[in-house]
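Q: To be precise about what I am sending: the file is called start34.cif and holds mmCIF, C-alpha atoms; chains and numbers go by the auth columns.
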```cif
data_work
#
loop_
_atom_site.group_PDB
_atom_site.id
_atom_site.type_symbol
_atom_site.label_atom_id
_atom_site.label_comp_id
_atom_site.label_asym_id
_atom_site.label_seq_id
_atom_site.Cartn_x
_atom_site.Cartn_y
_atom_site.Cartn_z
_atom_site.B_iso_or_equiv
_atom_site.auth_seq_id
_atom_site.auth_asym_id
ATOM 1 C CA THR A 1 3.182 19.796 1.648 0.00 1 A
ATOM 2 C CA VAL A 2 4.424 18.769 -1.799 0.00 2 A
ATOM 3 C CA ASN A 3 0.865 18.442 -3.061 0.00 3 A
ATOM 4 C CA ALA A 4 0.110 22.007 -1.851 0.00 4 A
ATOM 5 C CA ILE A 5 2.579 23.644 -4.267 0.00 5 A
ATOM 6 C CA ALA A 6 0.927 25.589 -7.076 0.00 6 A
ATOM 7 C CA LEU A 7 2.019 27.491 -10.155 0.00 7 A
ATOM 8 C CA ALA A 8 0.510 30.959 -10.605 0.00 8 A
ATOM 9 C CA GLU A 9 0.653 33.381 -13.504 0.00 9 A
ATOM 10 C CA LYS A 10 4.066 34.273 -14.899 0.00 10 A
ATOM 11 C CA ASN A 11 5.485 30.986 -13.527 0.00 11 A
ATOM 12 C CA LYS A 12 5.382 32.192 -9.933 0.00 12 A
ATOM 13 C CA ILE A 13 5.525 29.263 -7.503 0.00 13 A
ATOM 14 C CA ILE A 14 3.119 29.381 -4.585 0.00 14 A
ATOM 15 C CA ASP A 15 4.456 27.240 -1.742 0.00 15 A
ATOM 16 C CA PRO A 16 2.700 28.118 1.534 0.00 16 A
ATOM 17 C CA PHE A 17 3.961 25.036 3.450 0.00 17 A
ATOM 18 C CA ASN A 18 7.590 24.697 2.269 0.00 18 A
ATOM 19 C CA GLY A 19 6.753 21.804 -0.016 0.00 19 A
ATOM 20 C CA GLN A 20 9.785 22.501 -2.206 0.00 20 A
ATOM 21 C CA LYS A 21 12.039 21.674 0.733 0.00 21 A
ATOM 22 C CA ASP A 22 10.222 18.366 1.257 0.00 22 A
ATOM 23 C CA LEU A 23 10.331 17.745 -2.500 0.00 23 A
ATOM 24 C CA LYS A 24 14.133 17.994 -2.453 0.00 24 A
ATOM 25 C CA LYS A 25 14.349 15.697 0.576 0.00 25 A
ATOM 26 C CA LYS A 26 11.783 13.268 -0.897 0.00 26 A
ATOM 27 C CA ILE A 27 9.518 13.505 2.130 0.00 27 A
ATOM 28 C CA ILE A 28 5.751 12.918 2.195 0.00 28 A
ATOM 29 C CA LYS A 29 4.531 15.166 5.003 0.00 29 A
ATOM 30 C CA ALA A 30 1.063 16.277 6.051 0.00 30 A
ATOM 31 C CA VAL A 31 0.392 20.013 6.187 0.00 31 A
ATOM 32 C CA GLY A 32 0.273 21.142 9.822 0.00 32 A
ATOM 33 C CA LYS A 33 -0.990 18.516 12.264 0.00 33 A
ATOM 34 C CA PRO A 34 -1.373 15.181 10.460 0.00 34 A
ATOM 35 C CA GLU A 35 -4.316 14.027 12.586 0.00 35 A
ATOM 36 C CA GLU A 36 -6.262 17.167 11.676 0.00 36 A
ATOM 37 C CA ARG A 37 -5.619 16.587 7.967 0.00 37 A
ATOM 38 C CA PHE A 38 -6.675 12.940 8.231 0.00 38 A
ATOM 39 C CA ASN A 39 -9.755 13.922 10.220 0.00 39 A
ATOM 40 C CA GLU A 40 -10.741 16.228 7.337 0.00 40 A
ATOM 41 C CA ASP A 41 -10.299 13.425 4.796 0.00 41 A
ATOM 42 C CA ALA A 42 -9.097 9.993 5.897 0.00 42 A
ATOM 43 C CA LEU A 43 -8.230 9.085 2.302 0.00 43 A
ATOM 44 C CA ARG A 44 -5.124 11.245 2.763 0.00 44 A
ATOM 45 C CA MET A 45 -3.594 8.406 4.783 0.00 45 A
ATOM 46 C CA LEU A 46 -3.888 6.073 1.798 0.00 46 A
ATOM 47 C CA ARG A 47 -2.734 8.803 -0.587 0.00 47 A
ATOM 48 C CA ALA A 48 0.463 9.229 1.468 0.00 48 A
ATOM 49 C CA VAL A 49 1.205 5.546 0.914 0.00 49 A
ATOM 50 C CA ARG A 50 0.379 5.861 -2.775 0.00 50 A
ATOM 51 C CA PHE A 51 2.599 8.925 -3.222 0.00 51 A
ATOM 52 C CA ALA A 52 5.532 7.217 -1.470 0.00 52 A
ATOM 53 C CA THR A 53 5.064 4.171 -3.707 0.00 53 A
ATOM 54 C CA THR A 54 4.596 5.859 -7.058 0.00 54 A
ATOM 55 C CA LEU A 55 7.101 8.686 -6.587 0.00 55 A
ATOM 56 C CA SER A 56 9.848 6.293 -5.471 0.00 56 A
ATOM 57 C CA ALA A 57 9.590 4.383 -8.716 0.00 57 A
ATOM 58 C CA GLN A 58 9.914 7.495 -10.872 0.00 58 A
ATOM 59 C CA GLY A 59 13.453 8.357 -9.838 0.00 59 A
ATOM 60 C CA GLY A 60 15.162 4.998 -10.087 0.00 60 A
ATOM 61 C CA PRO A 61 16.333 2.467 -7.501 0.00 61 A
ATOM 62 C CA ALA A 62 17.952 4.898 -5.047 0.00 62 A
ATOM 63 C CA SER A 63 15.190 7.474 -5.102 0.00 63 A
ATOM 64 C CA GLY A 64 13.005 6.266 -2.255 0.00 64 A
ATOM 65 C CA TRP A 65 10.480 8.678 -0.871 0.00 65 A
ATOM 66 C CA GLU A 66 9.602 8.362 2.787 0.00 66 A
ATOM 67 C CA ILE A 67 6.605 9.307 4.845 0.00 67 A
ATOM 68 C CA GLU A 68 7.709 11.770 7.540 0.00 68 A
ATOM 69 C CA SER A 69 7.689 10.184 11.028 0.00 69 A
ATOM 70 C CA ARG A 70 4.879 12.290 12.582 0.00 70 A
ATOM 71 C CA THR A 71 2.722 11.698 9.535 0.00 71 A
ATOM 72 C CA LEU A 72 3.504 7.960 9.587 0.00 72 A
ATOM 73 C CA LYS A 73 2.649 7.678 13.302 0.00 73 A
ATOM 74 C CA ALA A 74 -0.631 9.523 12.740 0.00 74 A
ATOM 75 C CA ILE A 75 -1.550 7.075 9.965 0.00 75 A
ATOM 76 C CA GLU A 76 -0.806 4.090 12.218 0.00 76 A
ATOM 77 C CA LYS A 77 -2.804 5.605 15.085 0.00 77 A
ATOM 78 C CA ASN A 78 -5.808 6.531 12.956 0.00 78 A
ATOM 79 C CA ALA A 79 -5.854 3.746 10.346 0.00 79 A
ATOM 80 C CA GLY A 80 -9.406 2.773 11.336 0.00 80 A
ATOM 81 C CA TRP A 81 -10.693 6.080 9.992 0.00 81 A
ATOM 82 C CA ILE A 82 -10.246 4.671 6.477 0.00 82 A
ATOM 83 C CA GLN A 83 -13.496 2.761 7.062 0.00 83 A
ATOM 84 C CA ALA A 84 -15.385 6.056 6.670 0.00 84 A
ATOM 85 C CA ILE A 85 -14.137 6.436 3.093 0.00 85 A
ATOM 86 C CA SER A 86 -16.132 5.161 0.121 0.00 86 A
ATOM 87 C CA LYS A 87 -14.916 1.919 -1.398 0.00 87 A
ATOM 88 C CA GLU A 88 -14.652 3.631 -4.789 0.00 88 A
ATOM 89 C CA ARG A 89 -12.122 6.188 -3.521 0.00 89 A
ATOM 90 C CA ILE A 90 -10.104 3.465 -1.789 0.00 90 A
ATOM 91 C CA LYS A 91 -10.192 1.339 -4.955 0.00 91 A
ATOM 92 C CA ASP A 92 -8.817 4.205 -7.044 0.00 92 A
ATOM 93 C CA GLU A 93 -5.796 4.657 -4.754 0.00 93 A
ATOM 94 C CA LEU A 94 -5.221 0.910 -4.421 0.00 94 A
ATOM 95 C CA MET A 95 -5.212 0.497 -8.195 0.00 95 A
ATOM 96 C CA LYS A 96 -2.562 3.218 -8.514 0.00 96 A
ATOM 97 C CA ILE A 97 -0.431 1.413 -5.921 0.00 97 A
ATOM 98 C CA LEU A 98 -0.775 -1.899 -7.766 0.00 98 A
ATOM 99 C CA GLU A 99 0.078 -0.257 -11.083 0.00 99 A
ATOM 100 C CA ALA A 100 3.313 1.201 -9.655 0.00 100 A
ATOM 101 C CA GLU A 101 6.721 -0.110 -10.638 0.00 101 A
ATOM 102 C CA LYS A 102 7.257 -1.439 -7.099 0.00 102 A
ATOM 103 C CA PRO A 103 3.759 -2.243 -5.808 0.00 103 A
ATOM 104 C CA VAL A 104 5.203 -4.389 -3.016 0.00 104 A
ATOM 105 C CA MET A 105 6.507 -1.216 -1.403 0.00 105 A
ATOM 106 C CA GLY A 106 2.947 0.099 -1.262 0.00 106 A
ATOM 107 C CA ILE A 107 1.451 -3.123 0.100 0.00 107 A
ATOM 108 C CA GLU A 108 4.154 -3.281 2.768 0.00 108 A
ATOM 109 C CA LEU A 109 3.495 0.350 3.726 0.00 109 A
ATOM 110 C CA LEU A 110 -0.194 -0.476 4.001 0.00 110 A
ATOM 111 C CA ARG A 111 0.675 -3.353 6.326 0.00 111 A
ATOM 112 C CA LYS A 112 3.101 -1.305 8.442 0.00 112 A
ATOM 113 C CA THR A 113 0.623 1.569 8.797 0.00 113 A
ATOM 114 C CA LYS A 114 -2.181 -0.846 9.730 0.00 114 A
ATOM 115 C CA LEU A 115 -4.289 0.251 6.747 0.00 115 A
ATOM 116 C CA LEU A 116 -4.027 -3.185 5.108 0.00 116 A
ATOM 117 C CA GLY A 117 -6.262 -4.780 7.748 0.00 117 A
ATOM 118 C CA TYR A 118 -9.075 -2.433 6.779 0.00 118 A
ATOM 119 C CA ILE A 119 -8.511 -2.457 3.020 0.00 119 A
ATOM 120 C CA LEU A 120 -7.470 -6.064 2.294 0.00 120 A
ATOM 121 C CA PRO A 121 -7.959 -8.025 5.539 0.00 121 A
ATOM 122 C CA GLU A 122 -7.856 -11.348 3.659 0.00 122 A
ATOM 123 C CA LEU A 123 -4.333 -10.589 2.483 0.00 123 A
ATOM 124 C CA GLU A 124 -3.192 -9.599 5.960 0.00 124 A
ATOM 125 C CA LYS A 125 -4.449 -12.946 7.343 0.00 125 A
ATOM 126 C CA GLY A 126 -1.591 -14.622 5.459 0.00 126 A
ATOM 127 C CA VAL A 127 1.119 -12.840 7.479 0.00 127 A
ATOM 128 C CA GLY A 128 3.125 -15.475 9.359 0.00 128 A
ATOM 129 C CA VAL A 129 1.026 -18.395 8.076 0.00 129 A
ATOM 130 C CA SER A 130 3.517 -21.010 6.915 0.00 130 A
ATOM 131 C CA GLN A 131 2.972 -23.126 3.844 0.00 131 A
ATOM 132 C CA ASN A 132 4.062 -26.641 2.968 0.00 132 A
ATOM 133 C CA LYS A 133 7.180 -28.191 1.444 0.00 133 A
ATOM 134 C CA PHE A 134 6.449 -26.623 -1.938 0.00 134 A
ATOM 135 C CA HIS A 135 6.876 -23.033 -0.656 0.00 135 A
ATOM 136 C CA ILE A 136 9.677 -21.221 1.172 0.00 136 A
ATOM 137 C CA TYR A 137 7.666 -18.103 2.127 0.00 137 A
ATOM 138 C CA ASP A 138 4.625 -17.620 4.308 0.00 138 A
ATOM 139 C CA ILE A 139 1.359 -16.929 2.463 0.00 139 A
ATOM 140 C CA TYR A 140 1.630 -13.145 2.674 0.00 140 A
ATOM 141 C CA GLU A 141 5.263 -13.013 1.506 0.00 141 A
ATOM 142 C CA HIS A 142 4.515 -15.442 -1.317 0.00 142 A
ATOM 143 C CA SER A 143 1.559 -13.298 -2.409 0.00 143 A
ATOM 144 C CA ILE A 144 3.417 -9.989 -2.493 0.00 144 A
ATOM 145 C CA ARG A 145 6.401 -11.562 -4.249 0.00 145 A
ATOM 146 C CA SER A 146 3.995 -12.907 -6.874 0.00 146 A
ATOM 147 C CA LEU A 147 2.609 -9.394 -7.296 0.00 147 A
ATOM 148 C CA GLN A 148 6.106 -7.967 -7.739 0.00 148 A
ATOM 149 C CA ALA A 149 6.983 -10.659 -10.276 0.00 149 A
ATOM 150 C CA ALA A 150 3.919 -9.642 -12.301 0.00 150 A
ATOM 151 C CA ALA A 151 4.929 -5.972 -12.055 0.00 151 A
ATOM 152 C CA ASP A 152 8.498 -6.755 -13.092 0.00 152 A
ATOM 153 C CA LYS A 153 7.126 -8.373 -16.252 0.00 153 A
ATOM 154 C CA LYS A 154 4.952 -5.272 -16.849 0.00 154 A
ATOM 155 C CA PHE A 155 1.745 -7.310 -16.672 0.00 155 A
ATOM 156 C CA ASN A 156 -1.537 -5.413 -16.609 0.00 156 A
ATOM 157 C CA LEU A 157 -3.605 -4.599 -13.531 0.00 157 A
ATOM 158 C CA GLU A 158 -5.823 -7.671 -13.829 0.00 158 A
ATOM 159 C CA VAL A 159 -2.843 -10.032 -13.811 0.00 159 A
ATOM 160 C CA ARG A 160 -1.317 -8.142 -10.873 0.00 160 A
ATOM 161 C CA PHE A 161 -4.555 -8.559 -8.899 0.00 161 A
ATOM 162 C CA ALA A 162 -4.628 -12.250 -9.788 0.00 162 A
ATOM 163 C CA ALA A 163 -1.019 -12.685 -8.685 0.00 163 A
ATOM 164 C CA LEU A 164 -1.677 -10.930 -5.378 0.00 164 A
ATOM 165 C CA PHE A 165 -4.917 -12.800 -4.639 0.00 165 A
ATOM 166 C CA HIS A 166 -4.172 -16.260 -6.046 0.00 166 A
ATOM 167 C CA ASP A 167 -3.661 -17.769 -2.555 0.00 167 A
ATOM 168 C CA ILE A 168 -5.978 -15.451 -0.611 0.00 168 A
ATOM 169 C CA GLY A 169 -8.086 -18.436 0.533 0.00 169 A
ATOM 170 C CA LYS A 170 -5.190 -20.398 2.014 0.00 170 A
ATOM 171 C CA PRO A 171 -5.343 -19.112 5.619 0.00 171 A
ATOM 172 C CA GLU A 172 -8.960 -20.296 5.935 0.00 172 A
ATOM 173 C CA THR A 173 -8.318 -23.729 4.440 0.00 173 A
ATOM 174 C CA LYS A 174 -5.026 -24.679 6.053 0.00 174 A
ATOM 175 C CA GLU A 175 -4.977 -28.152 7.603 0.00 175 A
ATOM 176 C CA GLY A 176 -2.021 -29.318 9.674 0.00 176 A
ATOM 177 C CA GLU A 177 1.426 -27.838 10.187 0.00 177 A
ATOM 178 C CA GLY A 178 4.815 -28.347 8.670 0.00 178 A
ATOM 179 C CA PRO A 179 5.913 -29.648 5.282 0.00 179 A
ATOM 180 C CA ASP A 180 2.793 -31.771 4.720 0.00 180 A
ATOM 181 C CA SER A 181 0.129 -29.172 5.552 0.00 181 A
ATOM 182 C CA THR A 182 -2.653 -28.824 2.992 0.00 182 A
ATOM 183 C CA PHE A 183 -4.871 -26.081 1.586 0.00 183 A
ATOM 184 C CA TYR A 184 -7.633 -28.073 -0.107 0.00 184 A
ATOM 185 C CA ASN A 185 -10.169 -25.917 -1.949 0.00 185 A
ATOM 186 C CA HIS A 186 -8.284 -22.695 -1.240 0.00 186 A
ATOM 187 C CA ASP A 187 -8.971 -21.700 -4.841 0.00 187 A
ATOM 188 C CA TYR A 188 -12.744 -21.919 -4.252 0.00 188 A
ATOM 189 C CA VAL A 189 -12.557 -20.027 -0.976 0.00 189 A
ATOM 190 C CA GLY A 190 -10.328 -17.433 -2.603 0.00 190 A
ATOM 191 C CA ALA A 191 -12.726 -17.012 -5.513 0.00 191 A
#
```
Using C-alpha cells, write down the structure that the file contains.
A:
Amino acid sequence: TVNAIALAEKNKIIDPFNGQKDLKKKIIKAVGKPEERFNEDALRMLRAVRFATTLSAQGGPASGWEIESRTLKAIEKNAGWIQAISKERIKDELMKILEAEKPVMGIELLRKTKLLGYILPELEKGVGVSQNKFHIYDIYEHSIRSLQAAADKKFNLEVRFAALFHDIGKPETKEGEGPDSTFYNHDYVGA
C-alpha cells in the first residue's frame, strides 16, 4: 500500500489504498488480497522483507517496520513461488537486504517466512547445528552475527557476503558431537 502512493501535478497525493495510514503505522501491507498480489509477481514477497529491513534502519533503533499479519502469513504459505522468479531479480533484492544497516533483520525475516530455504538453502542448513568448544552459537547464528558485525563496521557488500558465508560448508563436514566436533575442509566445501 505504501509503494502505491504517487505524487501528481500540483503536489496532489494519489493514495488509492490508504498507504499513508500504513506509512504512519510503519506497516508493510499487500494491496488487497496478498496471495493475489504474490501470484501476479512472487518477487513481492521478497520485496516485503527488503522494505521491512531497509525502512526500519532509516528511522533509528525504535523505528521498526512490520509486515502486516495477513501479508506475512501469505508469504509463509506461498514461499515456494519464489522459485519462479529469475535469479537476477532475487539477487538484486538480496543485495539490498545485505547492504542494509541491520541485515540480520532481513535474513531472520527470510528464515521466518520460509523464503530462506529457497534463496540460501545452504545458510538455512546451519540452523540448530551446534559447533565445537571454540563457538558459543550454532552455525546459523554465528553466520548472521558475523554478517551484522561486518555491517556495524560499515564494510562493503563483498565483505558482508564473506562474513555470512564463511562457514557455509560446516553442516556438510561436521564430524562428531559436542565440544570436540570437527569441520575439516569446510572452507573447501563452502568455496
Q: Which residue, A:Gly106, A:Ala84, A:Arg37, A:Val31, has the smallest gap to A:Phe51 when you use all atoms listed in the file?
A: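 Once distances to A:Phe51 are computed over all atoms listed in the file, the minimum belongs to A:Gly106.
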Q: Pick out the residues sitting within 8 Å of A:His166, and hand them over as an mmCIF file with C-alpha atoms, in the coordinates of the input; count only C-alpha atoms, and ignore anything fewer than 2 positions along from it in its own chain.
A:
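Okay, around34.cif is ready:
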```cif
data_model
loop_
_atom_site.group_PDB
_atom_site.id
_atom_site.type_symbol
_atom_site.label_atom_id
_atom_site.label_comp_id
_atom_site.auth_asym_id
_atom_site.auth_seq_id
_atom_site.Cartn_x
_atom_site.Cartn_y
_atom_site.Cartn_z
ATOM 1 C CA SER A 143 1.559 -13.298 -2.409
ATOM 2 C CA ALA A 162 -4.628 -12.250 -9.788
ATOM 3 C CA ALA A 163 -1.019 -12.685 -8.685
ATOM 4 C CA LEU A 164 -1.677 -10.930 -5.378
ATOM 5 C CA ILE A 168 -5.978 -15.451 -0.611
ATOM 6 C CA GLY A 169 -8.086 -18.436 0.533
ATOM 7 C CA ASP A 187 -8.971 -21.700 -4.841
ATOM 8 C CA GLY A 190 -10.328 -17.433 -2.603
#
```
Q: Assuming the chain letters and numbering stay as they are in my file, what does the PyMOL selection byres ((chain A and resi 65) around 10) actually select? List them as a ChimeraX atom specification.
A: /A:22-23,25-28,49,51-57,59,62-64,66-68
Q: As JSON, numbers by chain, please: the residues near A:Ser130 (cut-off 9 Å, all atoms listed in the file, same-chain neighbours under 5 positions excluded).
A: {"A": [135, 136, 137, 138, 139, 177, 178, 181]}
Q: Residues as selected, C-alpha atoms, written as a tab-separated table (two decimals), in the coordinates of the input, can you do that?
A:
```tsv
chain	number	residue	atom	x	y	z
A	135	HIS	CA	6.88	-23.03	-0.66
A	136	ILE	CA	9.68	-21.22	1.17
A	137	TYR	CA	7.67	-18.10	2.13
A	138	ASP	CA	4.62	-17.62	4.31
A	139	ILE	CA	1.36	-16.93	2.46
A	177	GLU	CA	1.43	-27.84	10.19
A	178	GLY	CA	4.82	-28.35	8.67
A	181	SER	CA	0.13	-29.17	5.55
```
Q: Quick one, how far is atom CA of A:Leu110 from atom CA of A:Leu72?
A: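 Atom-to-atom, atom CA of A:Leu110 and atom CA of A:Leu72 are spaced 10.8 Å apart.
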Q: Between A:Lys112, A:Lys102, A:Arg160, A:Arg44, which is the closest to A:Arg89 once you count all atoms listed in the file?
A: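 Going through A:Lys112, A:Lys102, A:Arg160, A:Arg44 one by one, the smallest distance to A:Arg89 is for A:Arg44.
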Q: For the PyMOL selection byres ((chain A and resi 146-155) around 10), applied here, can you spell out every residue it catches as a PyMOL selection string?
A: chain A and resi 98-105+107+140-145+156-166
Q: So the first atom is atom CA of A:Asp92 and the second is atom CA of A:Leu109; what is the distance between them in Å, to one decimal place?
A: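 Computing the Euclidean distance for atom CA of A:Asp92 and atom CA of A:Leu109 yields 16.8 Å.
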Q: Please indicate the distance in Å from atom CA of A:Lys125 to atom CA of A:Asp167, rounded to one decimal place.
A: 11.0 Å
Q: Fewer than 3 positions away in the same chain doesn't count, so skip those; otherwise give me all residues within 8 Å of A:Glu93, counting only C-alpha atoms, as a count of residues only.
A: 7
Q: Using only C-alpha atoms, determine which residues lie at most 12 Å from A:Glu35, disregarding the query and same-chain residues fewer than 4 positions distant; provide the list as a list of chain:residue names.
A: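 Answer for this query is A:Lys29, A:Ala30, A:Val31, A:Asn39, A:Glu40, A:Asp41, A:Ala42, A:Arg44, A:Met45, A:Arg70, A:Thr71, A:Leu72, A:Lys73, A:Ala74, A:Ile75, A:Glu76, A:Lys77, A:Asn78, A:Ala79, A:Trp81.
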Q: I need the residue nearest A:Glu172 from this list: A:Ala4, A:Val129, A:Phe134, A:Gln20. Use all atoms listed in the file for the distance.
A: A:Val129
Q: Pick the closest to A:Tyr184 from A:Lys12, A:Lys33, A:Lys133, A:Lys170: which is it, counting all atoms listed in the file?
A: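 That would be A:Lys170, the residue with the smallest distance to A:Tyr184.
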Q: Quick one: residues within 9 Å of A:Asn18, all atoms listed in the file counted, chain neighbours fewer than 6 positions away excluded, as a PyMOL selection string?
A: chain A and resi 1-2+4-5
Q: Report the centre and edge lengths, in Å to one decimal, of an axis-aligned box enclosing every atom of stretch 98-110 of chain A listed in the file, padded by 5 Å on each side, as lines of an AutoDock Vina configuration file.
A:
```
center_x = 3.2
center_y = -1.6
center_z = -3.5
size_x = 18.0
size_y = 15.6
size_z = 25.1
```
Q: Export all heavy atoms of stretch 156-165 of chain A from the structure just given, as a PDB file, in the first residue's frame?
A:
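Full text of decode_32.pdb as output:
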```pdb
ATOM      1  N   ASN A 156      31.967  -3.236   3.053  1.00  0.00           N
ATOM      2  CA  ASN A 156      31.260  -3.281   1.773  1.00  0.00           C
ATOM      3  C   ASN A 156      30.515  -4.608   1.586  1.00  0.00           C
ATOM      4  O   ASN A 156      30.631  -5.527   2.404  1.00  0.00           O
ATOM      5  CB  ASN A 156      32.226  -3.008   0.613  1.00  0.00           C
ATOM      6  CG  ASN A 156      33.290  -4.077   0.460  1.00  0.00           C
ATOM      7  OD1 ASN A 156      33.117  -5.240   0.836  1.00  0.00           O
ATOM      8  ND2 ASN A 156      34.423  -3.692  -0.111  1.00  0.00           N
ATOM      9  N   LEU A 157      29.779  -4.682   0.495  1.00  0.00           N
ATOM     10  CA  LEU A 157      28.936  -5.851   0.222  1.00  0.00           C
ATOM     11  C   LEU A 157      29.740  -7.144   0.131  1.00  0.00           C
ATOM     12  O   LEU A 157      29.307  -8.182   0.636  1.00  0.00           O
ATOM     13  CB  LEU A 157      28.143  -5.620  -1.068  1.00  0.00           C
ATOM     14  CG  LEU A 157      27.163  -6.708  -1.475  1.00  0.00           C
ATOM     15  CD1 LEU A 157      26.064  -6.876  -0.423  1.00  0.00           C
ATOM     16  CD2 LEU A 157      26.545  -6.386  -2.832  1.00  0.00           C
ATOM     17  N   GLU A 158      30.899  -7.085  -0.495  1.00  0.00           N
ATOM     18  CA  GLU A 158      31.716  -8.293  -0.651  1.00  0.00           C
ATOM     19  C   GLU A 158      32.138  -8.854   0.706  1.00  0.00           C
ATOM     20  O   GLU A 158      32.089 -10.070   0.929  1.00  0.00           O
ATOM     21  CB  GLU A 158      32.947  -8.001  -1.522  1.00  0.00           C
ATOM     22  CG  GLU A 158      32.639  -7.738  -2.977  1.00  0.00           C
ATOM     23  CD  GLU A 158      32.136  -6.332  -3.274  1.00  0.00           C
ATOM     24  OE1 GLU A 158      32.175  -5.448  -2.364  1.00  0.00           O
ATOM     25  OE2 GLU A 158      31.688  -6.096  -4.411  1.00  0.00           O
ATOM     26  N   VAL A 159      32.536  -7.990   1.612  1.00  0.00           N
ATOM     27  CA  VAL A 159      32.939  -8.446   2.946  1.00  0.00           C
ATOM     28  C   VAL A 159      31.726  -8.991   3.703  1.00  0.00           C
ATOM     29  O   VAL A 159      31.822  -9.991   4.411  1.00  0.00           O
ATOM     30  CB  VAL A 159      33.639  -7.315   3.736  1.00  0.00           C
ATOM     31  CG1 VAL A 159      33.920  -7.734   5.171  1.00  0.00           C
ATOM     32  CG2 VAL A 159      34.926  -6.902   3.037  1.00  0.00           C
ATOM     33  N   ARG A 160      30.575  -8.358   3.528  1.00  0.00           N
ATOM     34  CA  ARG A 160      29.357  -8.845   4.187  1.00  0.00           C
ATOM     35  C   ARG A 160      29.000 -10.246   3.686  1.00  0.00           C
ATOM     36  O   ARG A 160      28.636 -11.117   4.479  1.00  0.00           O
ATOM     37  CB  ARG A 160      28.203  -7.873   3.957  1.00  0.00           C
ATOM     38  CG  ARG A 160      28.410  -6.549   4.677  1.00  0.00           C
ATOM     39  CD  ARG A 160      27.283  -5.589   4.391  1.00  0.00           C
ATOM     40  NE  ARG A 160      27.583  -4.255   4.878  1.00  0.00           N
ATOM     41  CZ  ARG A 160      26.675  -3.411   5.328  1.00  0.00           C
ATOM     42  NH1 ARG A 160      25.395  -3.752   5.359  1.00  0.00           N
ATOM     43  NH2 ARG A 160      27.024  -2.215   5.739  1.00  0.00           N
ATOM     44  N   PHE A 161      29.101 -10.460   2.368  1.00  0.00           N
ATOM     45  CA  PHE A 161      28.852 -11.805   1.834  1.00  0.00           C
ATOM     46  C   PHE A 161      29.849 -12.795   2.419  1.00  0.00           C
ATOM     47  O   PHE A 161      29.471 -13.898   2.829  1.00  0.00           O
ATOM     48  CB  PHE A 161      28.970 -11.818   0.306  1.00  0.00           C
ATOM     49  CG  PHE A 161      27.675 -11.637  -0.420  1.00  0.00           C
ATOM     50  CD1 PHE A 161      27.438 -10.490  -1.165  1.00  0.00           C
ATOM     51  CD2 PHE A 161      26.690 -12.612  -0.378  1.00  0.00           C
ATOM     52  CE1 PHE A 161      26.248 -10.316  -1.848  1.00  0.00           C
ATOM     53  CE2 PHE A 161      25.496 -12.449  -1.058  1.00  0.00           C
ATOM     54  CZ  PHE A 161      25.270 -11.307  -1.795  1.00  0.00           C
ATOM     55  N   ALA A 162      31.112 -12.424   2.460  1.00  0.00           N
ATOM     56  CA  ALA A 162      32.134 -13.308   3.011  1.00  0.00           C
ATOM     57  C   ALA A 162      31.847 -13.647   4.470  1.00  0.00           C
ATOM     58  O   ALA A 162      31.980 -14.800   4.893  1.00  0.00           O
ATOM     59  CB  ALA A 162      33.514 -12.670   2.864  1.00  0.00           C
ATOM     60  N   ALA A 163      31.444 -12.647   5.238  1.00  0.00           N
ATOM     61  CA  ALA A 163      31.134 -12.880   6.651  1.00  0.00           C
ATOM     62  C   ALA A 163      29.959 -13.842   6.794  1.00  0.00           C
ATOM     63  O   ALA A 163      29.990 -14.763   7.619  1.00  0.00           O
ATOM     64  CB  ALA A 163      30.825 -11.548   7.343  1.00  0.00           C
ATOM     65  N   LEU A 164      28.940 -13.647   5.973  1.00  0.00           N
ATOM     66  CA  LEU A 164      27.751 -14.504   6.052  1.00  0.00           C
ATOM     67  C   LEU A 164      28.051 -15.936   5.615  1.00  0.00           C
ATOM     68  O   LEU A 164      27.539 -16.885   6.199  1.00  0.00           O
ATOM     69  CB  LEU A 164      26.634 -13.914   5.187  1.00  0.00           C
ATOM     70  CG  LEU A 164      25.297 -14.655   5.200  1.00  0.00           C
ATOM     71  CD1 LEU A 164      24.686 -14.661   6.609  1.00  0.00           C
ATOM     72  CD2 LEU A 164      24.340 -14.014   4.206  1.00  0.00           C
ATOM     73  N   PHE A 165      28.898 -16.088   4.601  1.00  0.00           N
ATOM     74  CA  PHE A 165      29.126 -17.413   4.007  1.00  0.00           C
ATOM     75  C   PHE A 165      30.392 -18.113   4.487  1.00  0.00           C
ATOM     76  O   PHE A 165      30.674 -19.217   4.052  1.00  0.00           O
ATOM     77  CB  PHE A 165      29.194 -17.296   2.488  1.00  0.00           C
ATOM     78  CG  PHE A 165      27.899 -16.898   1.837  1.00  0.00           C
ATOM     79  CD1 PHE A 165      27.904 -16.334   0.575  1.00  0.00           C
ATOM     80  CD2 PHE A 165      26.682 -17.084   2.461  1.00  0.00           C
ATOM     81  CE1 PHE A 165      26.717 -15.971  -0.049  1.00  0.00           C
ATOM     82  CE2 PHE A 165      25.494 -16.722   1.858  1.00  0.00           C
ATOM     83  CZ  PHE A 165      25.512 -16.168   0.595  1.00  0.00           C
TER      84      PHE A 165
END
```
